[in-house]
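As stored in protein.tsv (TSV, C-alpha atoms (C1' of nucleotides)):
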```
chain	number	residue	atom	x	y	z
A	919	MET	CA	48.05	-34.62	52.91
A	920	LYS	CA	49.90	-34.63	49.62
A	921	LYS	CA	51.93	-37.64	48.63
A	922	ILE	CA	55.59	-37.09	47.90
A	923	ASN	CA	57.20	-38.44	44.77
A	924	GLN	CA	59.69	-40.99	46.00
A	925	THR	CA	61.24	-41.61	42.63
A	926	ARG	CA	62.80	-38.16	42.70
A	927	TYR	CA	64.47	-39.04	45.97
A	928	ALA	CA	65.59	-42.43	44.77
A	929	ILE	CA	67.44	-40.67	41.95
A	930	LEU	CA	68.78	-38.05	44.31
A	931	GLY	CA	70.09	-40.84	46.53
A	932	ILE	CA	71.65	-42.84	43.72
A	933	LEU	CA	73.56	-39.75	42.61
A	934	THR	CA	75.47	-39.92	45.91
A	935	THR	CA	76.71	-43.44	45.24
A	936	GLY	CA	79.02	-42.63	42.37
A	937	CYS	CA	76.46	-43.06	39.60
A	938	ARG	CA	76.45	-39.94	37.50
A	939	THR	CA	74.51	-40.61	34.30
A	940	GLY	CA	70.98	-41.63	33.54
A	941	TYR	CA	72.25	-44.88	32.13
A	942	GLN	CA	74.24	-45.67	35.25
A	943	ILE	CA	71.29	-44.87	37.48
A	944	LYS	CA	69.17	-47.33	35.58
A	945	GLN	CA	71.89	-49.97	35.87
A	946	MET	CA	72.36	-49.40	39.59
A	947	ILE	CA	68.67	-49.77	40.32
A	948	ASP	CA	68.28	-52.81	38.08
A	949	ASN	CA	71.28	-54.55	39.56
A	950	SER	CA	71.30	-53.57	43.21
A	951	LEU	CA	67.86	-52.36	44.21
A	952	ASN	CA	65.87	-54.50	41.83
A	953	HIS	CA	64.07	-56.39	44.59
A	954	PHE	CA	62.48	-53.33	46.11
A	955	TRP	CA	62.73	-50.59	43.52
A	956	LYS	CA	62.50	-50.13	39.80
A	957	ILE	CA	62.57	-47.32	37.33
A	958	SER	CA	62.46	-46.65	33.59
A	959	TYR	CA	64.31	-44.25	31.32
A	960	GLY	CA	61.01	-42.53	30.74
A	961	GLN	CA	61.22	-41.37	34.33
A	962	ILE	CA	64.95	-40.96	34.74
A	963	TYR	CA	65.81	-38.50	31.98
A	964	PRO	CA	62.93	-36.09	32.53
A	965	THR	CA	63.50	-36.20	36.29
A	966	LEU	CA	67.22	-35.45	35.96
A	967	LYS	CA	66.37	-32.47	33.79
A	968	GLN	CA	63.91	-31.29	36.39
A	969	LEU	CA	66.37	-31.69	39.25
A	970	VAL	CA	68.76	-29.37	37.44
A	971	GLU	CA	65.99	-26.84	36.84
A	972	GLU	CA	65.20	-26.86	40.54
A	973	GLY	CA	68.83	-26.37	41.50
A	974	LEU	CA	69.16	-29.75	43.20
A	975	ALA	CA	71.75	-30.98	40.71
A	976	THR	CA	74.12	-29.75	38.03
A	977	VAL	CA	75.06	-31.30	34.67
A	978	GLU	CA	78.36	-31.56	32.90
A	979	ASP	CA	78.94	-32.82	29.40
A	980	SER	CA	81.57	-35.50	29.43
A	981	VAL	CA	83.48	-36.72	26.40
A	982	GLN	CA	84.73	-40.29	26.65
A	983	GLU	CA	87.26	-42.17	24.63
A	984	GLY	CA	85.99	-45.40	23.15
A	985	LYS	CA	82.48	-44.70	24.39
A	986	PRO	CA	79.70	-42.29	23.50
A	987	ASP	CA	79.51	-38.90	25.15
A	988	LYS	CA	77.50	-38.64	28.31
A	989	LYS	CA	76.01	-36.19	30.75
A	990	GLU	CA	77.21	-36.33	34.31
A	991	TYR	CA	74.97	-35.15	37.10
A	992	PHE	CA	76.13	-33.94	40.51
A	993	LEU	CA	74.07	-33.10	43.57
A	994	THR	CA	74.26	-29.54	44.76
A	995	GLU	CA	74.33	-28.61	48.45
A	996	LYS	CA	70.62	-27.91	48.13
A	997	GLY	CA	70.12	-31.36	46.62
A	998	GLU	CA	71.87	-33.03	49.52
A	999	GLU	CA	69.75	-31.14	52.00
A	1000	GLU	CA	66.63	-32.21	50.16
A	1001	LEU	CA	67.77	-35.82	50.31
A	1002	ARG	CA	68.42	-35.66	54.03
A	1003	ARG	CA	65.07	-34.03	54.66
A	1004	TRP	CA	63.33	-36.87	52.89
A	1005	LEU	CA	65.36	-39.54	54.69
A	1006	GLN	CA	64.37	-38.43	58.15
A	1007	PHE	CA	60.74	-37.86	57.26
A	1008	PRO	CA	58.84	-40.63	59.08
A	1009	LEU	CA	56.33	-43.01	57.52
A	1010	GLU	CA	52.94	-41.94	58.80
A	1011	ASP	CA	51.30	-45.17	57.74
A	1012	ILE	CA	52.22	-48.27	55.82
A	1013	PRO	CA	51.84	-47.83	52.09
A	1014	VAL	CA	49.58	-50.53	50.69
A	1015	ASN	CA	51.61	-53.05	48.75
A	1016	LYS	CA	49.20	-54.65	46.38
A	1017	ASN	CA	49.82	-58.32	46.85
A	1018	GLU	CA	48.63	-60.59	44.08
A	1019	VAL	CA	49.38	-63.75	46.04
A	1020	LEU	CA	47.21	-62.70	48.96
A	1021	LEU	CA	44.46	-61.55	46.63
A	1022	LYS	CA	44.38	-64.90	44.89
A	1023	LEU	CA	44.53	-66.76	48.17
A	1024	PHE	CA	41.52	-64.77	49.32
A	1025	PHE	CA	39.47	-66.01	46.38
A	1026	GLY	CA	40.73	-69.54	46.82
A	1027	ARG	CA	37.34	-71.20	47.16
A	1028	HIS	CA	36.83	-70.81	43.43
A	1029	GLN	CA	39.35	-73.45	42.60
A	1030	ALA	CA	40.49	-76.86	43.77
A	1031	ASN	CA	42.85	-76.78	46.73
A	1032	HIS	CA	45.53	-78.57	44.79
A	1033	THR	CA	45.53	-75.75	42.22
A	1034	THR	CA	46.06	-73.18	44.95
A	1035	MET	CA	48.80	-75.37	46.35
A	1036	GLU	CA	50.54	-75.59	43.00
A	1037	PHE	CA	50.37	-71.86	42.74
A	1038	LEU	CA	51.93	-71.44	46.16
A	1039	ILE	CA	54.62	-74.03	45.50
A	1040	ASN	CA	55.61	-72.21	42.34
A	1041	TYR	CA	55.76	-68.92	44.20
A	1042	GLN	CA	57.74	-70.46	47.01
A	1043	GLU	CA	60.36	-71.67	44.57
A	1044	ILE	CA	60.75	-68.17	43.18
A	1045	LEU	CA	61.15	-66.84	46.72
A	1046	GLN	CA	63.73	-69.48	47.48
A	1047	LYS	CA	65.81	-68.38	44.52
A	1048	ARG	CA	65.53	-64.79	45.61
A	1049	TYR	CA	66.73	-65.71	49.08
A	1050	GLU	CA	69.74	-67.47	47.63
A	1051	THR	CA	70.48	-64.45	45.48
A	1052	TYR	CA	70.50	-62.31	48.62
A	1053	GLU	CA	72.93	-64.67	50.28
A	1054	GLY	CA	75.16	-64.56	47.23
A	1055	ILE	CA	75.24	-60.78	47.14
A	1056	GLU	CA	75.87	-60.66	50.87
A	1057	SER	CA	78.91	-62.89	50.74
A	1058	THR	CA	80.24	-61.02	47.72
A	1059	ILE	CA	80.07	-57.75	49.60
A	1060	ARG	CA	81.66	-59.25	52.68
A	1061	MET	CA	84.48	-60.82	50.70
A	1062	HIS	CA	85.34	-57.71	48.78
A	1063	SER	CA	85.21	-55.90	52.10
A	1064	LEU	CA	85.21	-52.61	50.33
A	1065	ASP	CA	85.72	-49.61	52.49
A	1066	SER	CA	82.84	-47.90	50.72
A	1067	ALA	CA	80.76	-46.01	53.24
A	1068	ASP	CA	77.62	-47.35	51.63
A	1069	ASP	CA	78.44	-51.03	52.15
A	1070	LYS	CA	77.32	-51.16	55.75
A	1071	TYR	CA	73.87	-49.87	54.84
A	1072	TRP	CA	73.71	-52.07	51.81
A	1073	LEU	CA	74.14	-55.05	54.14
A	1074	PHE	CA	71.41	-53.78	56.46
A	1075	THR	CA	69.10	-53.57	53.49
A	1076	LEU	CA	69.96	-57.06	52.33
A	1077	ASN	CA	69.45	-58.41	55.81
A	1078	TYR	CA	66.03	-56.81	56.07
A	1079	GLY	CA	65.17	-58.21	52.65
A	1080	LYS	CA	66.16	-61.67	53.84
A	1081	TRP	CA	63.82	-61.42	56.82
A	1082	ILE	CA	60.89	-60.55	54.58
A	1083	THR	CA	61.66	-63.24	52.02
A	1084	ALA	CA	62.10	-65.91	54.67
A	1085	ALA	CA	58.74	-64.97	56.14
A	1086	GLU	CA	57.04	-65.24	52.79
A	1087	ILE	CA	58.53	-68.68	52.30
A	1088	GLY	CA	57.25	-69.58	55.76
A	1089	GLY	CA	53.83	-68.20	54.93
A	1090	CYS	CA	53.68	-70.27	51.76
A	1091	LYS	CA	54.72	-73.47	53.50
A	1092	ASP	CA	52.30	-72.92	56.33
A	1093	THR	CA	49.43	-72.27	53.96
A	1094	ILE	CA	50.29	-75.28	51.82
A	1095	LYS	CA	50.28	-77.45	54.92
A	1096	LYS	CA	46.86	-76.17	55.90
A	1097	LEU	CA	45.52	-76.86	52.43
A	1098	GLU	CA	46.60	-80.50	52.48
B	866	MET	CA	54.81	-60.20	27.74
B	867	LYS	CA	51.88	-57.97	28.47
B	868	LYS	CA	50.95	-57.22	32.04
B	869	ILE	CA	47.43	-58.10	33.09
B	870	ASN	CA	45.25	-55.64	34.91
B	871	GLN	CA	44.74	-57.16	38.32
B	872	THR	CA	42.21	-54.61	39.45
B	873	ARG	CA	39.68	-56.03	37.00
B	874	TYR	CA	40.11	-59.42	38.62
B	875	ALA	CA	39.93	-58.05	42.12
B	876	ILE	CA	36.51	-56.62	41.24
B	877	LEU	CA	35.50	-59.82	39.51
B	878	GLY	CA	36.46	-61.71	42.66
B	879	ILE	CA	34.70	-59.38	45.05
B	880	LEU	CA	31.50	-59.80	43.06
B	881	THR	CA	31.48	-63.46	44.12
B	882	THR	CA	31.48	-62.58	47.82
B	883	GLY	CA	28.01	-61.10	47.99
B	884	CYS	CA	29.01	-57.54	47.18
B	885	ARG	CA	26.89	-56.35	44.29
B	886	THR	CA	27.31	-52.58	43.97
B	887	GLY	CA	30.24	-50.28	43.38
B	888	TYR	CA	29.76	-48.84	46.79
B	889	GLN	CA	29.84	-52.24	48.46
B	890	ILE	CA	32.95	-53.25	46.54
B	891	LYS	CA	34.73	-50.18	47.81
B	892	GLN	CA	33.65	-50.94	51.36
B	893	MET	CA	34.72	-54.56	51.15
B	894	ILE	CA	38.19	-53.68	49.94
B	895	ASP	CA	38.64	-50.88	52.45
B	896	ASN	CA	37.51	-53.01	55.36
B	897	SER	CA	38.77	-56.47	54.57
B	898	LEU	CA	41.57	-56.29	52.05
B	899	ASN	CA	42.94	-52.90	53.02
B	900	HIS	CA	46.34	-54.25	54.03
B	901	PHE	CA	47.16	-55.64	50.63
B	902	TRP	CA	44.77	-54.02	48.21
B	903	LYS	CA	43.12	-50.70	47.58
B	904	ILE	CA	40.88	-49.15	45.02
B	905	SER	CA	39.04	-45.91	44.26
B	906	TYR	CA	35.62	-45.14	42.82
B	907	GLY	CA	37.42	-43.68	39.85
B	908	GLN	CA	38.42	-47.22	39.00
B	909	ILE	CA	35.42	-49.15	40.22
B	910	TYR	CA	32.58	-47.56	38.27
B	911	PRO	CA	34.27	-47.42	34.88
B	912	THR	CA	35.53	-50.97	35.33
B	913	LEU	CA	32.09	-52.30	36.23
B	914	LYS	CA	30.69	-50.67	33.13
B	915	GLN	CA	33.44	-52.28	31.09
B	916	LEU	CA	32.85	-55.71	32.58
B	917	VAL	CA	29.24	-55.54	31.44
B	918	GLU	CA	30.29	-54.46	27.97
B	919	GLU	CA	32.59	-57.45	27.78
B	920	GLY	CA	29.89	-59.83	28.89
B	921	LEU	CA	31.63	-60.75	32.14
B	922	ALA	CA	28.87	-59.30	34.30
B	923	THR	CA	25.28	-58.09	34.11
B	924	VAL	CA	23.58	-55.13	35.80
B	925	GLU	CA	20.19	-54.79	37.39
B	926	ASP	CA	18.62	-51.62	38.68
B	927	SER	CA	17.48	-52.13	42.21
B	928	VAL	CA	15.02	-49.91	44.02
B	929	GLN	CA	15.44	-49.87	47.75
B	930	GLU	CA	13.16	-48.64	50.51
B	931	GLY	CA	14.74	-46.18	52.86
B	932	LYS	CA	17.91	-46.02	50.75
B	933	PRO	CA	18.86	-44.61	47.37
B	934	ASP	CA	18.50	-46.74	44.28
B	935	LYS	CA	21.48	-48.82	43.27
B	936	LYS	CA	22.87	-50.95	40.50
B	937	GLU	CA	23.55	-54.56	41.25
B	938	TYR	CA	26.19	-56.43	39.32
B	939	PHE	CA	26.30	-60.18	38.83
B	940	LEU	CA	29.03	-62.30	37.28
B	941	THR	CA	28.09	-64.20	34.18
B	942	GLU	CA	29.32	-67.69	33.48
B	943	LYS	CA	31.95	-66.12	31.25
B	944	GLY	CA	32.96	-63.84	34.11
B	945	GLU	CA	33.43	-66.77	36.45
B	946	GLU	CA	35.56	-68.57	33.92
B	947	GLU	CA	37.68	-65.48	33.50
B	948	LEU	CA	38.16	-65.27	37.25
B	949	ARG	CA	39.22	-68.90	37.50
B	950	ARG	CA	41.60	-68.50	34.62
B	951	TRP	CA	43.30	-65.63	36.37
B	952	LEU	CA	43.43	-67.46	39.72
B	953	GLN	CA	45.34	-70.42	38.38
B	954	PHE	CA	47.68	-68.34	36.27
B	955	PRO	CA	51.07	-68.64	38.01
B	956	LEU	CA	53.32	-65.77	39.00
B	957	GLU	CA	56.22	-65.87	36.62
B	958	ASP	CA	58.29	-63.55	38.75
B	959	ILE	CA	57.87	-61.52	41.89
B	960	PRO	CA	56.33	-58.15	41.23
B	961	VAL	CA	58.56	-55.41	42.61
B	962	ASN	CA	57.03	-53.86	45.68
B	963	LYS	CA	58.57	-50.47	45.97
B	964	ASN	CA	59.72	-50.35	49.56
B	965	GLU	CA	60.36	-46.92	50.99
B	966	VAL	CA	61.81	-48.30	54.20
B	967	LEU	CA	64.45	-50.33	52.38
B	968	LEU	CA	65.24	-47.44	50.07
B	969	LYS	CA	65.84	-45.12	53.00
B	970	LEU	CA	67.86	-47.73	54.81
B	971	PHE	CA	70.04	-48.07	51.74
B	972	PHE	CA	70.90	-44.36	51.84
B	973	GLY	CA	71.45	-44.50	55.59
B	974	ARG	CA	74.99	-43.15	55.58
B	975	HIS	CA	73.64	-39.69	54.88
B	976	GLN	CA	72.24	-39.32	58.34
B	977	ALA	CA	73.10	-40.05	61.94
B	978	ASN	CA	72.43	-43.64	63.01
B	979	HIS	CA	70.09	-42.52	65.75
B	980	THR	CA	67.91	-40.81	63.14
B	981	THR	CA	67.67	-44.03	61.15
B	982	MET	CA	66.88	-45.86	64.36
B	983	GLU	CA	64.09	-43.46	65.23
B	984	PHE	CA	62.69	-43.95	61.79
B	985	LEU	CA	62.73	-47.72	62.21
B	986	ILE	CA	61.25	-47.59	65.71
B	987	ASN	CA	58.38	-45.52	64.40
B	988	TYR	CA	57.80	-47.96	61.59
B	989	GLN	CA	58.00	-50.91	63.91
B	990	GLU	CA	55.27	-49.45	66.08
B	991	ILE	CA	53.01	-49.11	63.06
B	992	LEU	CA	53.70	-52.74	62.15
B	993	GLN	CA	52.94	-53.84	65.69
B	994	LYS	CA	49.53	-52.19	65.52
B	995	ARG	CA	48.87	-53.86	62.23
B	996	TYR	CA	49.76	-57.24	63.66
B	997	GLU	CA	47.34	-56.72	66.52
B	998	THR	CA	44.64	-55.73	64.05
B	999	TYR	CA	45.19	-59.02	62.23
B	1000	GLU	CA	44.83	-60.95	65.48
B	1001	GLY	CA	41.64	-59.07	66.24
B	1002	ILE	CA	40.09	-59.86	62.88
B	1003	GLU	CA	41.16	-63.46	63.16
B	1004	SER	CA	39.48	-64.05	66.48
B	1005	THR	CA	36.37	-62.24	65.29
B	1006	ILE	CA	36.07	-64.58	62.32
B	1007	ARG	CA	36.69	-67.64	64.47
B	1008	MET	CA	34.11	-66.61	67.03
B	1009	HIS	CA	31.39	-66.03	64.49
B	1010	SER	CA	31.71	-69.72	63.60
B	1011	LEU	CA	31.65	-69.47	59.91
B	1012	ASP	CA	29.26	-70.94	57.50
B	1013	SER	CA	30.60	-68.76	54.70
B	1014	ALA	CA	32.66	-70.69	52.18
B	1015	ASP	CA	35.04	-67.74	51.94
B	1016	ASP	CA	35.98	-67.67	55.63
B	1017	LYS	CA	38.51	-70.47	55.42
B	1018	TYR	CA	40.46	-68.64	52.72
B	1019	TRP	CA	40.09	-65.36	54.52
B	1020	LEU	CA	41.88	-66.97	57.47
B	1021	PHE	CA	44.65	-68.27	55.22
B	1022	THR	CA	45.15	-64.77	53.91
B	1023	LEU	CA	45.25	-63.30	57.41
B	1024	ASN	CA	47.71	-65.94	58.49
B	1025	TYR	CA	50.01	-65.20	55.59
B	1026	GLY	CA	49.73	-61.50	56.36
B	1027	LYS	CA	50.76	-62.19	59.93
B	1028	TRP	CA	53.89	-64.02	58.76
B	1029	ILE	CA	54.96	-61.07	56.65
B	1030	THR	CA	54.23	-58.48	59.31
B	1031	ALA	CA	56.04	-60.45	61.99
B	1032	ALA	CA	59.07	-60.69	59.73
B	1033	GLU	CA	59.10	-56.97	59.10
B	1034	ILE	CA	58.98	-56.35	62.84
B	1035	GLY	CA	61.88	-58.78	63.20
B	1036	GLY	CA	63.79	-57.04	60.43
B	1037	CYS	CA	63.31	-53.67	62.11
B	1038	LYS	CA	64.43	-54.95	65.51
B	1039	ASP	CA	67.44	-56.69	64.05
B	1040	THR	CA	68.50	-53.60	62.11
B	1041	ILE	CA	68.01	-51.34	65.12
B	1042	LYS	CA	70.20	-53.65	67.18
B	1043	LYS	CA	72.91	-53.52	64.55
B	1044	LEU	CA	72.77	-49.76	64.47
B	1045	GLU	CA	73.30	-49.42	68.21
C	872	DG	C1'	77.89	-57.20	8.63
C	873	DA	C1'	75.87	-58.37	12.99
C	874	DT	C1'	75.54	-57.91	17.62
C	875	DC	C1'	76.22	-56.03	21.94
C	876	DC	C1'	77.04	-52.37	25.17
C	877	DC	C1'	76.87	-47.48	26.05
C	878	DA	C1'	74.06	-43.50	25.94
C	879	DT	C1'	69.97	-40.09	25.56
C	880	DG	C1'	65.64	-39.06	24.81
C	881	DT	C1'	60.20	-38.64	23.64
C	882	DA	C1'	55.19	-39.76	22.75
C	883	DA	C1'	51.44	-42.61	23.55
C	884	DT	C1'	49.24	-44.92	26.75
C	885	DC	C1'	47.87	-47.01	31.08
C	886	DG	C1'	46.67	-47.51	35.86
C	887	DG	C1'	45.32	-45.03	39.53
C	888	DT	C1'	44.16	-40.98	42.68
C	889	DT	C1'	41.97	-36.75	43.81
C	890	DA	C1'	38.74	-33.51	43.59
C	891	DC	C1'	34.53	-32.45	42.27
C	892	DA	C1'	29.37	-32.93	41.39
C	893	DT	C1'	24.95	-34.85	42.60
C	894	DG	C1'	21.36	-36.56	45.32
C	895	DA	C1'	18.30	-39.67	48.45
C	896	DT	C1'	17.42	-41.06	53.24
C	897	DT	C1'	17.84	-41.33	58.15
C	898	DC	C1'	18.88	-39.79	62.62
C	899	DC	C1'	19.80	-36.19	65.90
D	708	DG	C1'	18.76	-27.65	59.83
D	709	DG	C1'	22.87	-30.50	59.88
D	710	DA	C1'	25.49	-34.66	59.88
D	711	DA	C1'	26.07	-39.38	58.53
D	712	DT	C1'	25.41	-43.10	55.45
D	713	DC	C1'	24.23	-44.88	50.99
D	714	DA	C1'	24.90	-44.37	46.21
D	715	DT	C1'	26.85	-43.14	41.32
D	716	DG	C1'	29.65	-40.97	38.53
D	717	DT	C1'	33.39	-37.85	35.83
D	718	DA	C1'	37.46	-34.84	34.63
D	719	DA	C1'	41.93	-33.45	35.59
D	720	DC	C1'	45.96	-34.98	36.82
D	721	DC	C1'	50.02	-37.82	38.12
D	722	DG	C1'	53.29	-41.51	38.12
D	723	DA	C1'	55.02	-44.93	35.44
D	724	DT	C1'	55.60	-48.16	31.50
D	725	DT	C1'	56.19	-49.23	26.74
D	726	DA	C1'	57.46	-48.57	22.38
D	727	DC	C1'	59.87	-46.04	19.48
D	728	DA	C1'	63.86	-43.26	17.59
D	729	DT	C1'	68.76	-42.29	17.29
D	730	DG	C1'	73.54	-43.09	17.23
D	731	DG	C1'	78.70	-44.08	18.60
D	732	DG	C1'	82.00	-47.72	19.60
D	733	DA	C1'	83.77	-52.42	20.38
D	734	DT	C1'	83.95	-57.17	19.34
D	735	DC	C1'	83.27	-61.25	16.66
```
Kindly return the structure encoded in the file as structure tokens.
Amino acid sequence: MKKINQTRYAILGILTTGCRTGYQIKQMIDNSLNHFWKISYGQIYPTLKQLVEEGLATVEDSVQEGKPDKKEYFLTEKGEEELRRWLQFPLEDIPVNKNEVLLKLFFGRHQANHTTMEFLINYQEILQKRYETYEGIESTIRMHSLDSADDKYWLFTLNYGKWITAAEIGGCKDTIKKLE
Amino acid sequence: MKKINQTRYAILGILTTGCRTGYQIKQMIDNSLNHFWKISYGQIYPTLKQLVEEGLATVEDSVQEGKPDKKEYFLTEKGEEELRRWLQFPLEDIPVNKNEVLLKLFFGRHQANHTTMEFLINYQEILQKRYETYEGIESTIRMHSLDSADDKYWLFTLNYGKWITAAEIGGCKDTIKKLE
DNA sequence: GATCCCATGTAATCGGTTACATGATTCC
DNA sequence: GGAATCATGTAACCGATTACATGGGATC
């Protein structure tokens, strides 16, 4: 069973949201998907080139006034099909998310409980901030009530993200309590 | 800010649990940590060699009866210090866990809602099985009435894992409901 | 002149997987 | 003889990051 390269599909997907250049793709992922996806220019530019070679996208040189020139990428019909094929392809098993917190918790007997607790409290604070960020984004989207077709799914994603973050906060608190 | 190689520390940690050989380390991770960590021999053996070179561990050739020879690794004092140093080192920010489910959800407008729902139902079933596995392991540990110093922390880890899994199941259900 | 944003790209390197190679021992 | 388990290792490859290189335009 060969593993598929998800980054290709992430880029394919982003190209349907109005982002057209490598720079914009990077910005979109850093700003909107940054809690569950990331990417570097070292991947973006070569991948875009490859997508064109495979006929999944086309490029157009675009001259801008007041800004540097840029290359705009557009999905082809074939590219859209490829995206849809990937979307409906089911997860056969859960990918292992390497979790540093759980790993450290597992080796907890090698340090004083209060040190583990401090570690968890620190992590919990970070999670709390993340949760608040989600809430902020959510209300921004709702207020702007943009008619963008993507918004609905963006909110689903945020909501799912909130569930996970809340659970992690709960897990931290619960563990801290047990360590006391 | 340079990123530290956590795999080294995972191996360092496992060496404190009674696992002594590369083979045993692999087994331990596959059997006990498989939901939040994984590793391959291609990492284990070179890393063990490196740990010895750095004075964090020592090797001993061990002849066994009825089984092939093996190499047993032991943490040095320096190795234990290194492990403790890593353990107490706080997370400065949350590492990005690339999440295929969230990514696909984000691009949901490109397919029929029922397709997205089927995808989520499938995922939810996988999560449910995982949750039951956690419960199974938990009761096994509790029944064996632990004298191992690690057991307590193993249960903390399991408990935390249950929180996260339960939340993901909740997130799936909630999203499915919204898609109806 | 300095700094920031926009914009594109590559080379070196790293972390990790996969596939391969080897071989002892036990159990059926 | 064949399969399963125990055991160690390497080379090729892949996905991704980091550091570097370049440069236009706007703003202060």
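Look at Asn1017 of chain A: the protein and nucleic acid residues within 9 Å of it, using all atoms listed in the file and passing over chain neighbours fewer than 6 places away, are His900, Phe901, Trp902, Pro960 and Asn962 of chain B.
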| task | Kindly indicate which residue among D:DT717, D:DT729, D:DT724, D:DT712 lies nearest to chain A, using all atoms listed in the file for the distances. | result |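 Closest to chain A, using all atoms listed in the file: D:DT724.
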Rows by chain and residue number, chain A within 7 Å of chain C, shortest pair, all atoms listed in the file, as CSV:
```
residue,atom,partner,partner_atom,distance
A:Tyr941,CA,C:DA878,C1',6.6
A:Lys985,CA,C:DC877,C1',6.5
A:Pro986,CA,C:DA878,C1',6.3
A:Lys988,CA,C:DA878,C1',6.4
```
Fewer than 6 positions away in the same chain doesn't count, so skip those; otherwise give me all residues within 6 Å of Thr923 of chain B, counting all atoms listed in the file, as a PDB file with C-alpha atoms, keeping the file's coordinate frame.
```
ATOM      1  CA  VAL B 917      29.240 -55.540  31.440  1.00  0.00           C
ATOM      2  CA  TYR B 938      26.190 -56.430  39.320  1.00  0.00           C
ATOM      3  CA  PHE B 939      26.300 -60.180  38.830  1.00  0.00           C
TER       4      PHE B 939
END
```
Using 12 Å as the limit and counting all atoms listed in the file, can you tabulate each residue of chain D that touches chain B, with its shortest atom-to-atom distance in Å and the two atoms involved, as CSV?
```
residue,atom,partner,partner_atom,distance
D:DT712,C1',B:Lys932,CA,9.3
D:DC713,C1',B:Lys932,CA,6.4
D:DA714,C1',B:Pro933,CA,6.2
D:DT715,C1',B:Tyr910,CA,7.9
D:DG716,C1',B:Tyr910,CA,7.2
D:DT717,C1',B:Gly907,CA,8.1
D:DA718,C1',B:Gly907,CA,10.3
D:DA719,C1',B:Gly907,CA,12.0
D:DT724,C1',B:Lys868,CA,10.2
D:DT725,C1',B:Lys867,CA,9.9
```
| message | If I take atom CA of Leu940 of chain B and atom CA of Ala922 of chain B, how far is one from the other in Å, to one decimal? | response |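 Between these atoms lies a distance of 4.2 Å.
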| task | Find the residues of chain B in contact range of chain A, meaning any atom within 8 Å when counting all atoms listed in the file, and list them as a ChimeraX atom specification. | result | /B:871,875,878,899-903,949,952-956,958-959,961-965,967-976,980-981,984,987-988,991-992,1014-1015,1018-1019,1021-1022,1024-1026,1028-1029,1031-1033,1035-1037,1040
| request: Find the residue from B:His979, B:Lys1042, B:Arg873, B:Lys943 that sits nearest to Ile909 of chain B; use all atoms listed in the file when measuring. | output: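 So, comparing all the options, the nearest one is B:Arg873.
Computed from the coordinates, the atom CA of Gln945 of chain A to atom CA of Ser980 of chain A distance equals 18.6 Å.
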| query | Quick one: of B:Gly920, B:Ser1013, B:Thr1005, B:Glu937, who's nearest to Cys884 of chain B, counting only C-alpha atoms? | reply | B:Glu937
